[in-house]
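Have a look at model-v9.txt; it's compact mmCIF, N, CA and C atoms and all ligand atoms:
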```txt
# COMPACT_ATOMS: atom_id res chain seq x y z
N MET A 187 273.60 56.75 -37.83
CA MET A 187 273.06 55.54 -38.45
C MET A 187 273.57 55.46 -39.90
N ILE A 188 274.42 54.50 -40.17
CA ILE A 188 275.00 54.36 -41.51
C ILE A 188 274.44 53.09 -42.16
N PRO A 189 273.93 53.21 -43.35
CA PRO A 189 273.42 52.00 -44.01
C PRO A 189 274.56 51.05 -44.37
N ARG A 190 274.41 49.78 -44.04
CA ARG A 190 275.44 48.81 -44.43
C ARG A 190 275.31 48.48 -45.90
N GLN A 191 274.08 48.39 -46.34
CA GLN A 191 273.86 48.21 -47.76
C GLN A 191 272.50 48.79 -48.11
N ILE A 192 272.34 49.12 -49.36
CA ILE A 192 271.07 49.69 -49.78
C ILE A 192 270.41 48.64 -50.66
N GLU A 193 269.16 48.35 -50.37
CA GLU A 193 268.47 47.35 -51.17
C GLU A 193 267.39 48.02 -52.00
N ALA A 194 267.26 47.60 -53.22
CA ALA A 194 266.15 48.06 -54.04
C ALA A 194 265.13 46.94 -54.09
N ALA A 195 263.92 47.24 -53.71
CA ALA A 195 262.86 46.23 -53.76
C ALA A 195 261.55 46.97 -53.69
N GLU A 196 260.47 46.25 -54.01
CA GLU A 196 259.18 46.87 -53.85
C GLU A 196 258.95 47.07 -52.36
N SER A 197 258.51 48.23 -52.00
CA SER A 197 258.31 48.49 -50.59
C SER A 197 256.97 47.92 -50.14
N SER A 198 256.94 47.45 -48.90
CA SER A 198 255.68 46.89 -48.42
C SER A 198 254.93 47.88 -47.51
N THR A 199 255.45 49.11 -47.41
CA THR A 199 254.74 50.06 -46.55
C THR A 199 253.36 50.31 -47.16
N SER A 200 252.37 50.47 -46.29
CA SER A 200 251.02 50.49 -46.80
C SER A 200 250.25 51.78 -46.53
N ASN A 201 250.60 52.50 -45.47
CA ASN A 201 249.77 53.65 -45.11
C ASN A 201 250.15 54.94 -45.84
N MET A 202 251.31 54.93 -46.47
CA MET A 202 251.72 56.13 -47.19
C MET A 202 250.97 56.22 -48.51
N ASP A 203 250.65 57.45 -48.89
CA ASP A 203 250.11 57.68 -50.22
C ASP A 203 251.15 57.16 -51.23
N GLU A 204 250.66 56.44 -52.25
CA GLU A 204 251.58 55.77 -53.19
C GLU A 204 252.58 56.73 -53.83
N LYS A 205 252.16 57.98 -54.02
CA LYS A 205 253.07 58.90 -54.72
C LYS A 205 254.32 59.22 -53.90
N TYR A 206 254.30 58.89 -52.61
CA TYR A 206 255.47 59.15 -51.77
C TYR A 206 256.38 57.93 -51.62
N ILE A 207 256.01 56.80 -52.24
CA ILE A 207 256.82 55.59 -52.12
C ILE A 207 258.04 55.71 -53.04
N VAL A 208 259.22 55.58 -52.48
CA VAL A 208 260.43 55.75 -53.29
C VAL A 208 261.03 54.41 -53.73
N GLY A 209 260.63 53.30 -53.12
CA GLY A 209 261.09 51.99 -53.57
C GLY A 209 262.37 51.50 -52.92
N ILE A 210 262.87 52.22 -51.93
CA ILE A 210 263.99 51.73 -51.11
C ILE A 210 263.35 51.45 -49.74
N PRO A 211 263.19 50.15 -49.38
CA PRO A 211 262.35 49.81 -48.21
C PRO A 211 262.72 50.54 -46.93
N GLU A 212 264.01 50.66 -46.62
CA GLU A 212 264.39 51.31 -45.36
C GLU A 212 263.96 52.79 -45.36
N ILE A 213 264.16 53.43 -46.50
CA ILE A 213 263.78 54.85 -46.59
C ILE A 213 262.26 54.99 -46.56
N ASP A 214 261.55 54.09 -47.24
CA ASP A 214 260.08 54.15 -47.19
C ASP A 214 259.56 53.95 -45.76
N ALA A 215 260.19 53.03 -45.03
CA ALA A 215 259.75 52.78 -43.64
C ALA A 215 260.00 54.02 -42.79
N GLN A 216 261.15 54.67 -43.00
CA GLN A 216 261.43 55.90 -42.25
C GLN A 216 260.45 57.00 -42.62
N HIS A 217 260.15 57.12 -43.92
CA HIS A 217 259.18 58.14 -44.35
C HIS A 217 257.81 57.88 -43.73
N GLU A 218 257.46 56.61 -43.64
CA GLU A 218 256.15 56.30 -43.07
C GLU A 218 256.09 56.72 -41.60
N GLU A 219 257.16 56.44 -40.89
CA GLU A 219 257.19 56.84 -39.47
C GLU A 219 257.09 58.37 -39.36
N ILE A 220 257.83 59.06 -40.24
CA ILE A 220 257.81 60.53 -40.22
C ILE A 220 256.41 61.04 -40.52
N SER A 221 255.77 60.43 -41.51
CA SER A 221 254.44 60.87 -41.89
C SER A 221 253.45 60.66 -40.73
N GLU A 222 253.61 59.55 -39.99
CA GLU A 222 252.75 59.31 -38.82
C GLU A 222 253.00 60.36 -37.73
N LEU A 223 254.27 60.71 -37.54
CA LEU A 223 254.59 61.71 -36.51
C LEU A 223 254.06 63.10 -36.90
N VAL A 224 254.11 63.40 -38.21
CA VAL A 224 253.56 64.69 -38.67
C VAL A 224 252.04 64.71 -38.46
N ASP A 225 251.38 63.60 -38.78
CA ASP A 225 249.93 63.52 -38.56
C ASP A 225 249.60 63.69 -37.08
N ALA A 226 250.38 63.01 -36.23
CA ALA A 226 250.15 63.09 -34.78
C ALA A 226 250.33 64.53 -34.30
N LEU A 227 251.36 65.18 -34.81
CA LEU A 227 251.61 66.58 -34.44
C LEU A 227 250.41 67.45 -34.80
N ARG A 228 249.92 67.27 -36.02
CA ARG A 228 248.81 68.13 -36.46
C ARG A 228 247.55 67.87 -35.65
N LYS A 229 247.38 66.62 -35.21
CA LYS A 229 246.24 66.28 -34.37
C LYS A 229 246.37 66.97 -33.00
N ILE A 230 247.57 66.90 -32.45
CA ILE A 230 247.82 67.52 -31.13
C ILE A 230 247.58 69.03 -31.20
N ILE A 231 247.97 69.62 -32.33
CA ILE A 231 247.84 71.07 -32.48
C ILE A 231 246.37 71.52 -32.39
N THR A 232 245.47 70.65 -32.79
CA THR A 232 244.05 71.04 -32.76
C THR A 232 243.45 70.94 -31.35
N GLN A 233 244.19 70.33 -30.41
CA GLN A 233 243.66 70.20 -29.04
C GLN A 233 243.85 71.51 -28.25
N LYS A 234 243.10 71.61 -27.17
CA LYS A 234 243.21 72.79 -26.29
C LYS A 234 244.42 72.66 -25.37
N ASP A 235 244.95 73.77 -24.92
CA ASP A 235 246.06 73.78 -23.94
C ASP A 235 247.16 72.81 -24.33
N GLN A 236 247.60 72.92 -25.54
CA GLN A 236 248.45 71.86 -26.08
C GLN A 236 249.91 72.23 -26.19
N ARG A 237 250.30 73.43 -25.78
CA ARG A 237 251.64 73.90 -26.13
C ARG A 237 252.75 72.93 -25.70
N HIS A 238 252.67 72.39 -24.49
CA HIS A 238 253.74 71.48 -24.05
C HIS A 238 253.71 70.17 -24.84
N LEU A 239 252.50 69.74 -25.24
CA LEU A 239 252.40 68.50 -26.04
C LEU A 239 252.95 68.72 -27.45
N VAL A 240 252.71 69.92 -27.97
CA VAL A 240 253.25 70.25 -29.29
C VAL A 240 254.77 70.20 -29.24
N ARG A 241 255.32 70.78 -28.18
CA ARG A 241 256.78 70.78 -28.05
C ARG A 241 257.33 69.35 -28.00
N GLN A 242 256.66 68.50 -27.21
CA GLN A 242 257.07 67.08 -27.12
C GLN A 242 257.03 66.41 -28.49
N ALA A 243 255.92 66.62 -29.20
CA ALA A 243 255.75 65.99 -30.52
C ALA A 243 256.80 66.52 -31.50
N LEU A 244 257.09 67.82 -31.39
CA LEU A 244 258.11 68.40 -32.28
C LEU A 244 259.50 67.86 -31.97
N LYS A 245 259.79 67.69 -30.68
CA LYS A 245 261.10 67.15 -30.29
C LYS A 245 261.28 65.75 -30.88
N ARG A 246 260.23 64.95 -30.79
CA ARG A 246 260.31 63.58 -31.29
C ARG A 246 260.48 63.56 -32.82
N LEU A 247 259.68 64.38 -33.49
CA LEU A 247 259.77 64.45 -34.95
C LEU A 247 261.13 64.99 -35.38
N HIS A 248 261.61 65.99 -34.67
CA HIS A 248 262.91 66.60 -34.98
C HIS A 248 264.01 65.54 -34.90
N GLN A 249 264.03 64.75 -33.82
CA GLN A 249 265.07 63.72 -33.66
C GLN A 249 264.95 62.65 -34.74
N THR A 250 263.72 62.28 -35.06
CA THR A 250 263.49 61.26 -36.10
C THR A 250 264.01 61.78 -37.44
N LEU A 251 263.77 63.06 -37.71
CA LEU A 251 264.25 63.65 -38.97
C LEU A 251 265.78 63.71 -38.99
N ILE A 252 266.39 64.04 -37.87
CA ILE A 252 267.86 64.09 -37.82
C ILE A 252 268.42 62.71 -38.21
N ASN A 253 267.87 61.66 -37.60
CA ASN A 253 268.34 60.29 -37.90
C ASN A 253 268.09 59.94 -39.37
N HIS A 254 266.90 60.30 -39.83
CA HIS A 254 266.54 59.98 -41.22
C HIS A 254 267.45 60.72 -42.21
N PHE A 255 267.68 61.99 -41.96
CA PHE A 255 268.52 62.76 -42.88
C PHE A 255 269.95 62.21 -42.86
N ASP A 256 270.43 61.81 -41.69
CA ASP A 256 271.77 61.20 -41.63
C ASP A 256 271.82 59.95 -42.51
N TYR A 257 270.77 59.16 -42.41
CA TYR A 257 270.71 57.91 -43.17
C TYR A 257 270.72 58.20 -44.67
N GLU A 258 269.84 59.12 -45.09
CA GLU A 258 269.78 59.46 -46.52
C GLU A 258 271.11 60.02 -47.01
N GLU A 259 271.71 60.87 -46.20
CA GLU A 259 272.98 61.49 -46.63
C GLU A 259 274.08 60.44 -46.75
N ALA A 260 274.05 59.44 -45.86
CA ALA A 260 275.03 58.35 -45.96
C ALA A 260 274.78 57.53 -47.23
N CYS A 261 273.51 57.29 -47.55
CA CYS A 261 273.17 56.55 -48.79
C CYS A 261 273.67 57.33 -50.01
N MET A 262 273.42 58.64 -50.00
CA MET A 262 273.82 59.47 -51.14
C MET A 262 275.35 59.46 -51.28
N GLY A 263 276.03 59.48 -50.13
CA GLY A 263 277.49 59.44 -50.16
C GLY A 263 277.97 58.13 -50.77
N MET A 264 277.30 57.02 -50.41
CA MET A 264 277.72 55.71 -50.91
C MET A 264 277.63 55.61 -52.43
N VAL A 265 276.64 56.32 -53.01
CA VAL A 265 276.47 56.22 -54.47
C VAL A 265 277.04 57.47 -55.18
N SER A 266 277.79 58.29 -54.44
CA SER A 266 278.36 59.54 -55.00
C SER A 266 277.30 60.37 -55.70
N TYR A 267 276.20 60.58 -55.02
CA TYR A 267 275.08 61.33 -55.59
C TYR A 267 275.51 62.77 -55.91
N PRO A 268 275.31 63.20 -57.17
CA PRO A 268 275.85 64.51 -57.56
C PRO A 268 275.18 65.70 -56.86
N ASP A 269 273.92 65.57 -56.48
CA ASP A 269 273.24 66.70 -55.84
C ASP A 269 273.22 66.61 -54.32
N LEU A 270 274.21 65.89 -53.78
CA LEU A 270 274.24 65.70 -52.32
C LEU A 270 274.23 67.02 -51.56
N SER A 271 275.04 67.99 -51.99
CA SER A 271 275.13 69.21 -51.17
C SER A 271 273.82 70.00 -51.23
N GLN A 272 273.18 70.01 -52.38
CA GLN A 272 271.89 70.70 -52.48
C GLN A 272 270.84 69.99 -51.61
N HIS A 273 270.85 68.67 -51.68
CA HIS A 273 269.89 67.88 -50.90
C HIS A 273 270.11 68.12 -49.39
N LYS A 274 271.39 68.14 -49.02
CA LYS A 274 271.71 68.40 -47.61
C LYS A 274 271.19 69.75 -47.16
N ARG A 275 271.32 70.74 -48.06
CA ARG A 275 270.86 72.10 -47.72
C ARG A 275 269.36 72.10 -47.41
N THR A 276 268.61 71.33 -48.19
CA THR A 276 267.16 71.33 -47.93
C THR A 276 266.86 70.58 -46.62
N HIS A 277 267.66 69.57 -46.29
CA HIS A 277 267.51 68.92 -44.97
C HIS A 277 267.74 69.94 -43.86
N ARG A 278 268.84 70.71 -44.00
CA ARG A 278 269.16 71.70 -42.97
C ARG A 278 268.03 72.73 -42.84
N GLY A 279 267.44 73.10 -43.99
CA GLY A 279 266.35 74.08 -43.98
C GLY A 279 265.16 73.58 -43.17
N ILE A 280 264.85 72.30 -43.31
CA ILE A 280 263.72 71.73 -42.55
C ILE A 280 264.07 71.71 -41.06
N LEU A 281 265.28 71.28 -40.73
CA LEU A 281 265.66 71.22 -39.30
C LEU A 281 265.66 72.62 -38.68
N LYS A 282 266.00 73.62 -39.50
CA LYS A 282 266.05 75.01 -39.00
C LYS A 282 264.66 75.48 -38.54
N LEU A 283 263.61 75.01 -39.22
CA LEU A 283 262.25 75.38 -38.81
C LEU A 283 262.00 74.96 -37.35
N PHE A 284 262.50 73.75 -37.03
CA PHE A 284 262.32 73.25 -35.66
C PHE A 284 263.16 74.07 -34.68
N GLU A 285 264.41 74.32 -35.06
CA GLU A 285 265.30 75.06 -34.16
C GLU A 285 264.71 76.44 -33.86
N ASP A 286 264.17 77.09 -34.92
CA ASP A 286 263.56 78.41 -34.72
C ASP A 286 262.38 78.32 -33.76
N TYR A 287 261.60 77.26 -33.90
CA TYR A 287 260.45 77.08 -33.00
C TYR A 287 260.95 76.93 -31.55
N PHE A 288 261.98 76.09 -31.36
CA PHE A 288 262.46 75.86 -29.99
C PHE A 288 263.06 77.14 -29.41
N ASP A 289 263.73 77.93 -30.26
CA ASP A 289 264.32 79.20 -29.80
C ASP A 289 263.24 80.20 -29.42
N GLN A 290 262.25 80.27 -30.28
CA GLN A 290 261.21 81.28 -30.10
C GLN A 290 259.87 80.74 -30.57
N PRO A 291 259.15 80.05 -29.66
CA PRO A 291 257.86 79.45 -30.06
C PRO A 291 256.90 80.54 -30.57
N PRO A 292 256.17 80.23 -31.63
CA PRO A 292 255.23 81.23 -32.17
C PRO A 292 254.06 81.46 -31.22
N ALA A 293 253.31 82.52 -31.46
CA ALA A 293 252.11 82.79 -30.68
C ALA A 293 251.13 81.64 -30.86
N LEU A 294 250.29 81.42 -29.85
CA LEU A 294 249.36 80.28 -29.90
C LEU A 294 248.59 80.19 -31.22
N GLY A 295 248.10 81.34 -31.68
CA GLY A 295 247.30 81.35 -32.90
C GLY A 295 248.08 80.94 -34.15
N ASP A 296 249.40 80.98 -34.06
CA ASP A 296 250.21 80.66 -35.25
C ASP A 296 250.71 79.22 -35.25
N ILE A 297 250.42 78.47 -34.19
CA ILE A 297 250.96 77.11 -34.11
C ILE A 297 250.33 76.20 -35.18
N GLU A 298 249.04 76.43 -35.44
CA GLU A 298 248.38 75.60 -36.46
C GLU A 298 249.03 75.81 -37.83
N PHE A 299 249.31 77.07 -38.11
CA PHE A 299 249.98 77.39 -39.38
C PHE A 299 251.37 76.73 -39.42
N PHE A 300 252.05 76.76 -38.29
CA PHE A 300 253.38 76.13 -38.21
C PHE A 300 253.28 74.63 -38.53
N GLY A 301 252.26 73.97 -37.98
CA GLY A 301 252.06 72.53 -38.25
C GLY A 301 251.86 72.27 -39.73
N LYS A 302 251.12 73.18 -40.39
CA LYS A 302 250.90 73.01 -41.83
C LYS A 302 252.20 73.21 -42.61
N VAL A 303 252.99 74.17 -42.18
CA VAL A 303 254.28 74.43 -42.86
C VAL A 303 255.17 73.18 -42.75
N ILE A 304 255.24 72.60 -41.55
CA ILE A 304 256.06 71.39 -41.35
C ILE A 304 255.55 70.27 -42.27
N ASN A 305 254.25 70.05 -42.24
CA ASN A 305 253.64 69.02 -43.09
C ASN A 305 254.03 69.22 -44.56
N ASP A 306 253.82 70.45 -45.05
CA ASP A 306 254.06 70.72 -46.47
C ASP A 306 255.54 70.62 -46.83
N LYS A 307 256.40 71.14 -45.97
CA LYS A 307 257.85 71.11 -46.28
C LYS A 307 258.37 69.66 -46.34
N VAL A 308 257.93 68.84 -45.38
CA VAL A 308 258.41 67.46 -45.34
C VAL A 308 257.90 66.69 -46.57
N LEU A 309 256.62 66.84 -46.88
CA LEU A 309 256.07 66.09 -48.02
C LEU A 309 256.65 66.60 -49.35
N GLU A 310 256.79 67.91 -49.45
CA GLU A 310 257.39 68.48 -50.68
C GLU A 310 258.81 67.95 -50.86
N HIS A 311 259.52 67.85 -49.75
CA HIS A 311 260.90 67.37 -49.83
C HIS A 311 260.95 65.95 -50.36
N ILE A 312 260.05 65.10 -49.88
CA ILE A 312 260.02 63.70 -50.36
C ILE A 312 259.74 63.68 -51.86
N MET A 313 258.74 64.48 -52.27
CA MET A 313 258.34 64.47 -53.69
C MET A 313 259.42 65.04 -54.59
N GLU A 314 260.04 66.12 -54.13
CA GLU A 314 260.95 66.83 -55.02
C GLU A 314 262.37 66.27 -54.95
N HIS A 315 262.85 66.01 -53.77
CA HIS A 315 264.27 65.66 -53.62
C HIS A 315 264.50 64.17 -53.38
N ASP A 316 263.69 63.57 -52.50
CA ASP A 316 263.95 62.16 -52.16
C ASP A 316 263.68 61.25 -53.36
N LEU A 317 262.62 61.55 -54.13
CA LEU A 317 262.33 60.70 -55.27
C LEU A 317 263.46 60.75 -56.30
N ARG A 318 264.02 61.95 -56.48
CA ARG A 318 265.14 62.10 -57.42
C ARG A 318 266.37 61.34 -56.91
N MET A 319 266.60 61.46 -55.61
CA MET A 319 267.74 60.77 -54.99
C MET A 319 267.59 59.26 -55.14
N THR A 320 266.40 58.73 -54.87
CA THR A 320 266.27 57.27 -54.90
C THR A 320 266.28 56.75 -56.34
N ASP A 321 265.83 57.56 -57.30
CA ASP A 321 265.98 57.17 -58.72
C ASP A 321 267.46 56.93 -58.99
N SER A 322 268.26 57.83 -58.49
CA SER A 322 269.69 57.77 -58.72
C SER A 322 270.30 56.54 -58.01
N ILE A 323 269.82 56.27 -56.80
CA ILE A 323 270.33 55.10 -56.06
C ILE A 323 269.95 53.81 -56.80
N ARG A 324 268.72 53.75 -57.31
CA ARG A 324 268.29 52.54 -58.01
C ARG A 324 269.10 52.34 -59.29
N LEU A 325 269.38 53.45 -59.98
CA LEU A 325 270.20 53.38 -61.19
C LEU A 325 271.59 52.82 -60.85
N TYR A 326 272.14 53.32 -59.76
CA TYR A 326 273.46 52.87 -59.31
C TYR A 326 273.42 51.37 -59.00
N LEU A 327 272.36 50.94 -58.30
CA LEU A 327 272.28 49.52 -57.91
C LEU A 327 272.11 48.62 -59.15
N SER A 328 271.34 49.10 -60.14
CA SER A 328 271.11 48.25 -61.31
C SER A 328 272.36 48.18 -62.19
N SER A 329 273.29 49.12 -62.01
CA SER A 329 274.50 49.10 -62.87
C SER A 329 275.64 48.35 -62.20
N LYS A 330 275.41 47.84 -60.98
CA LYS A 330 276.50 47.15 -60.27
C LYS A 330 276.74 45.76 -60.83
FE FE B 1 263.49 61.56 -46.80
FE FE B 2 265.90 63.87 -48.14
```
Could the structure of this file be written out as structure tokens, please?
Ligand SMILES: [Fe+2]
Ligand SMILES: [Fe+2]
Amino acid sequence: MIPRQIEAAESSTSNMDEKYIVGIPEIDAQHEEISELVDALRKIITQKDQRHLVRQALKRLHQTLINHFDYEEACMGMVSYPDLSQHKRTHRGILKLFEDYFDQPPALGDIEFFGKVINDKVLEHIMEHDLRMTDSIRLYLSSK
């Protein structure tokens, strides 16, 4: 998925906590979907006999993240973002958590902790890396 153009505008997404809004509507919409999938995952984790449902939810979230990271990386490439390789590394780190789970699912008692790790890593990434990236994209757009 390659962005044809990047637009800067006030985002109309509503369910995300305001501190996670980056101001690029397509990216905010993707983040909102990701945040909903993370919430759904954590809800499923609290249910009984849930291992196969957790796997399904993780597969869906994993694919959504792959598409989202491709999109962000294409945006960063378009604006020659200087920290692209570092940002990519943190994307790979998040995807690796999923791959490790699929290779070797944790013991039942550890799945809840795994859900929290996914939640925290994804949200931390938005706060720490995506906000910095989108600041840079907005700067680029305003200088055009
Ligand atoms: Fe992101
Ligand atoms: Fe990112």
Long-range neighbours of Pro292 of chain A as a PDB file with N, CA and C atoms, keeping the file's coordinate frame, 12 Å cut-off, only C-alpha atoms, 6 positions minimum in chain:
```
ATOM      1  N   ARG A 237     250.300  73.430 -25.780  1.00  0.00           N
ATOM      2  CA  ARG A 237     251.640  73.900 -26.130  1.00  0.00           C
ATOM      3  C   ARG A 237     252.750  72.930 -25.700  1.00  0.00           C
ATOM      4  N   VAL A 240     252.710  69.920 -27.970  1.00  0.00           N
ATOM      5  CA  VAL A 240     253.250  70.250 -29.290  1.00  0.00           C
ATOM      6  C   VAL A 240     254.770  70.200 -29.240  1.00  0.00           C
ATOM      7  N   ARG A 241     255.320  70.780 -28.180  1.00  0.00           N
ATOM      8  CA  ARG A 241     256.780  70.780 -28.050  1.00  0.00           C
ATOM      9  C   ARG A 241     257.330  69.350 -28.000  1.00  0.00           C
ATOM     10  N   LEU A 283     263.610  75.010 -39.220  1.00  0.00           N
ATOM     11  CA  LEU A 283     262.250  75.380 -38.810  1.00  0.00           C
ATOM     12  C   LEU A 283     262.000  74.960 -37.350  1.00  0.00           C
ATOM     13  N   PHE A 284     262.500  73.750 -37.030  1.00  0.00           N
ATOM     14  CA  PHE A 284     262.320  73.250 -35.660  1.00  0.00           C
ATOM     15  C   PHE A 284     263.160  74.070 -34.680  1.00  0.00           C
ATOM     16  N   GLU A 285     264.410  74.320 -35.060  1.00  0.00           N
ATOM     17  CA  GLU A 285     265.300  75.060 -34.160  1.00  0.00           C
ATOM     18  C   GLU A 285     264.710  76.440 -33.860  1.00  0.00           C
ATOM     19  N   ASP A 286     264.170  77.090 -34.920  1.00  0.00           N
ATOM     20  CA  ASP A 286     263.560  78.410 -34.720  1.00  0.00           C
ATOM     21  C   ASP A 286     262.380  78.320 -33.760  1.00  0.00           C
ATOM     22  N   GLU A 298     249.040  76.430 -35.440  1.00  0.00           N
ATOM     23  CA  GLU A 298     248.380  75.600 -36.460  1.00  0.00           C
ATOM     24  C   GLU A 298     249.030  75.810 -37.830  1.00  0.00           C
ATOM     25  N   PHE A 299     249.310  77.070 -38.110  1.00  0.00           N
ATOM     26  CA  PHE A 299     249.980  77.390 -39.380  1.00  0.00           C
ATOM     27  C   PHE A 299     251.370  76.730 -39.420  1.00  0.00           C
ATOM     28  N   PHE A 300     252.050  76.760 -38.290  1.00  0.00           N
ATOM     29  CA  PHE A 300     253.380  76.130 -38.210  1.00  0.00           C
ATOM     30  C   PHE A 300     253.280  74.630 -38.530  1.00  0.00           C
ATOM     31  N   GLY A 301     252.260  73.970 -37.980  1.00  0.00           N
ATOM     32  CA  GLY A 301     252.060  72.530 -38.250  1.00  0.00           C
ATOM     33  C   GLY A 301     251.860  72.270 -39.730  1.00  0.00           C
TER      34      GLY A 301
END
```
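Ranking A:Asp235, A:His254, A:Ile280, A:Ile230 by their shortest atom-to-atom distance to Ala215 of chain A, with only C-alpha atoms included, puts A:His254 first.
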Closest of A:Asp296, A:Asp316, A:Asp225, A:Glu219 to ligand FE 1 (chain B), counting only C-alpha atoms and all ligand atoms, is A:Asp316
Please give the complete set of residues from segment 195-228 of chain A that DSSP, run on the backbone, assigns to alpha helix (DSSP H), formatted as a list in words.
Pro211, Glu212, Ile213, Asp214, Ala215, Gln216, His217, Glu218, Glu219, Ile220, Ser221, Glu222, Leu223, Val224, Asp225, Ala226, Leu227 and Arg228 of chain A
Take the selection from the previous step and output its residues with N, CA and C atoms, as an mmCIF file, keeping the file's coordinate frame.
```cif
data_model
loop_
_atom_site.group_PDB
_atom_site.id
_atom_site.type_symbol
_atom_site.label_atom_id
_atom_site.label_comp_id
_atom_site.auth_asym_id
_atom_site.auth_seq_id
_atom_site.Cartn_x
_atom_site.Cartn_y
_atom_site.Cartn_z
ATOM 1 N N PRO A 211 263.190 50.150 -49.380
ATOM 2 C CA PRO A 211 262.350 49.810 -48.210
ATOM 3 C C PRO A 211 262.720 50.540 -46.930
ATOM 4 N N GLU A 212 264.010 50.660 -46.620
ATOM 5 C CA GLU A 212 264.390 51.310 -45.360
ATOM 6 C C GLU A 212 263.960 52.790 -45.360
ATOM 7 N N ILE A 213 264.160 53.430 -46.500
ATOM 8 C CA ILE A 213 263.780 54.850 -46.590
ATOM 9 C C ILE A 213 262.260 54.990 -46.560
ATOM 10 N N ASP A 214 261.550 54.090 -47.240
ATOM 11 C CA ASP A 214 260.080 54.150 -47.190
ATOM 12 C C ASP A 214 259.560 53.950 -45.760
ATOM 13 N N ALA A 215 260.190 53.030 -45.030
ATOM 14 C CA ALA A 215 259.750 52.780 -43.640
ATOM 15 C C ALA A 215 260.000 54.020 -42.790
ATOM 16 N N GLN A 216 261.150 54.670 -43.000
ATOM 17 C CA GLN A 216 261.430 55.900 -42.250
ATOM 18 C C GLN A 216 260.450 57.000 -42.620
ATOM 19 N N HIS A 217 260.150 57.120 -43.920
ATOM 20 C CA HIS A 217 259.180 58.140 -44.350
ATOM 21 C C HIS A 217 257.810 57.880 -43.730
ATOM 22 N N GLU A 218 257.460 56.610 -43.640
ATOM 23 C CA GLU A 218 256.150 56.300 -43.070
ATOM 24 C C GLU A 218 256.090 56.720 -41.600
ATOM 25 N N GLU A 219 257.160 56.440 -40.890
ATOM 26 C CA GLU A 219 257.190 56.840 -39.470
ATOM 27 C C GLU A 219 257.090 58.370 -39.360
ATOM 28 N N ILE A 220 257.830 59.060 -40.240
ATOM 29 C CA ILE A 220 257.810 60.530 -40.220
ATOM 30 C C ILE A 220 256.410 61.040 -40.520
ATOM 31 N N SER A 221 255.770 60.430 -41.510
ATOM 32 C CA SER A 221 254.440 60.870 -41.890
ATOM 33 C C SER A 221 253.450 60.660 -40.730
ATOM 34 N N GLU A 222 253.610 59.550 -39.990
ATOM 35 C CA GLU A 222 252.750 59.310 -38.820
ATOM 36 C C GLU A 222 253.000 60.360 -37.730
ATOM 37 N N LEU A 223 254.270 60.710 -37.540
ATOM 38 C CA LEU A 223 254.590 61.710 -36.510
ATOM 39 C C LEU A 223 254.060 63.100 -36.900
ATOM 40 N N VAL A 224 254.110 63.400 -38.210
ATOM 41 C CA VAL A 224 253.560 64.690 -38.670
ATOM 42 C C VAL A 224 252.040 64.710 -38.460
ATOM 43 N N ASP A 225 251.380 63.600 -38.780
ATOM 44 C CA ASP A 225 249.930 63.520 -38.560
ATOM 45 C C ASP A 225 249.600 63.690 -37.080
ATOM 46 N N ALA A 226 250.380 63.010 -36.230
ATOM 47 C CA ALA A 226 250.150 63.090 -34.780
ATOM 48 C C ALA A 226 250.330 64.530 -34.300
ATOM 49 N N LEU A 227 251.360 65.180 -34.810
ATOM 50 C CA LEU A 227 251.610 66.580 -34.440
ATOM 51 C C LEU A 227 250.410 67.450 -34.800
ATOM 52 N N ARG A 228 249.920 67.270 -36.020
ATOM 53 C CA ARG A 228 248.810 68.130 -36.460
ATOM 54 C C ARG A 228 247.550 67.870 -35.650
#
```
Contacts with ligand FE 1 (chain B) at most 9 Å, only C-alpha atoms and all ligand atoms counted, listed as a list in words = Ile213, Asp214, Gln216, His217, Ile220, Leu251, His254, Phe255, Tyr257, Glu258, His277, Val308, Leu309, His311, Ile312, His315, Asp316 and Leu317 of chain A
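Proximity to ligand FE 2 (chain B) was assessed for A:Leu294, A:Met264, A:Leu281, A:Ala226 counting only C-alpha atoms and all ligand atoms; the smallest distance is recorded for A:Leu281.
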Computed gap from atom CA of Lys205 of chain A to atom CA of Thr320 of chain A is 13.3 Å
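Atom C of Arg228 of chain A to atom N of Lys302 of chain A spans 8.0 Å [interatomic distance, one decimal].
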Computed gap from atom N of Tyr267 of chain A to atom CA of Asn305 of chain A is 26.9 Å
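With all atoms listed in the file as the basis for measurement, A:His273 is the residue among A:Arg324, A:Lys282, A:Lys307, A:His273 that approaches ligand FE 2 (chain B) most closely.
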Residue with the minimum atom-to-atom distance to ligand FE 2 (chain B), picked from A:Ile297, A:Val208, A:Asp289, A:Thr232 with only C-alpha atoms and all ligand atoms counted, is A:Val208
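Nearest residue to ligand FE 2 (chain B), choosing from A:Lys274, A:Pro268, A:Pro211, A:Glu218 and counting only N, CA and C atoms and all ligand atoms: A:Lys274.
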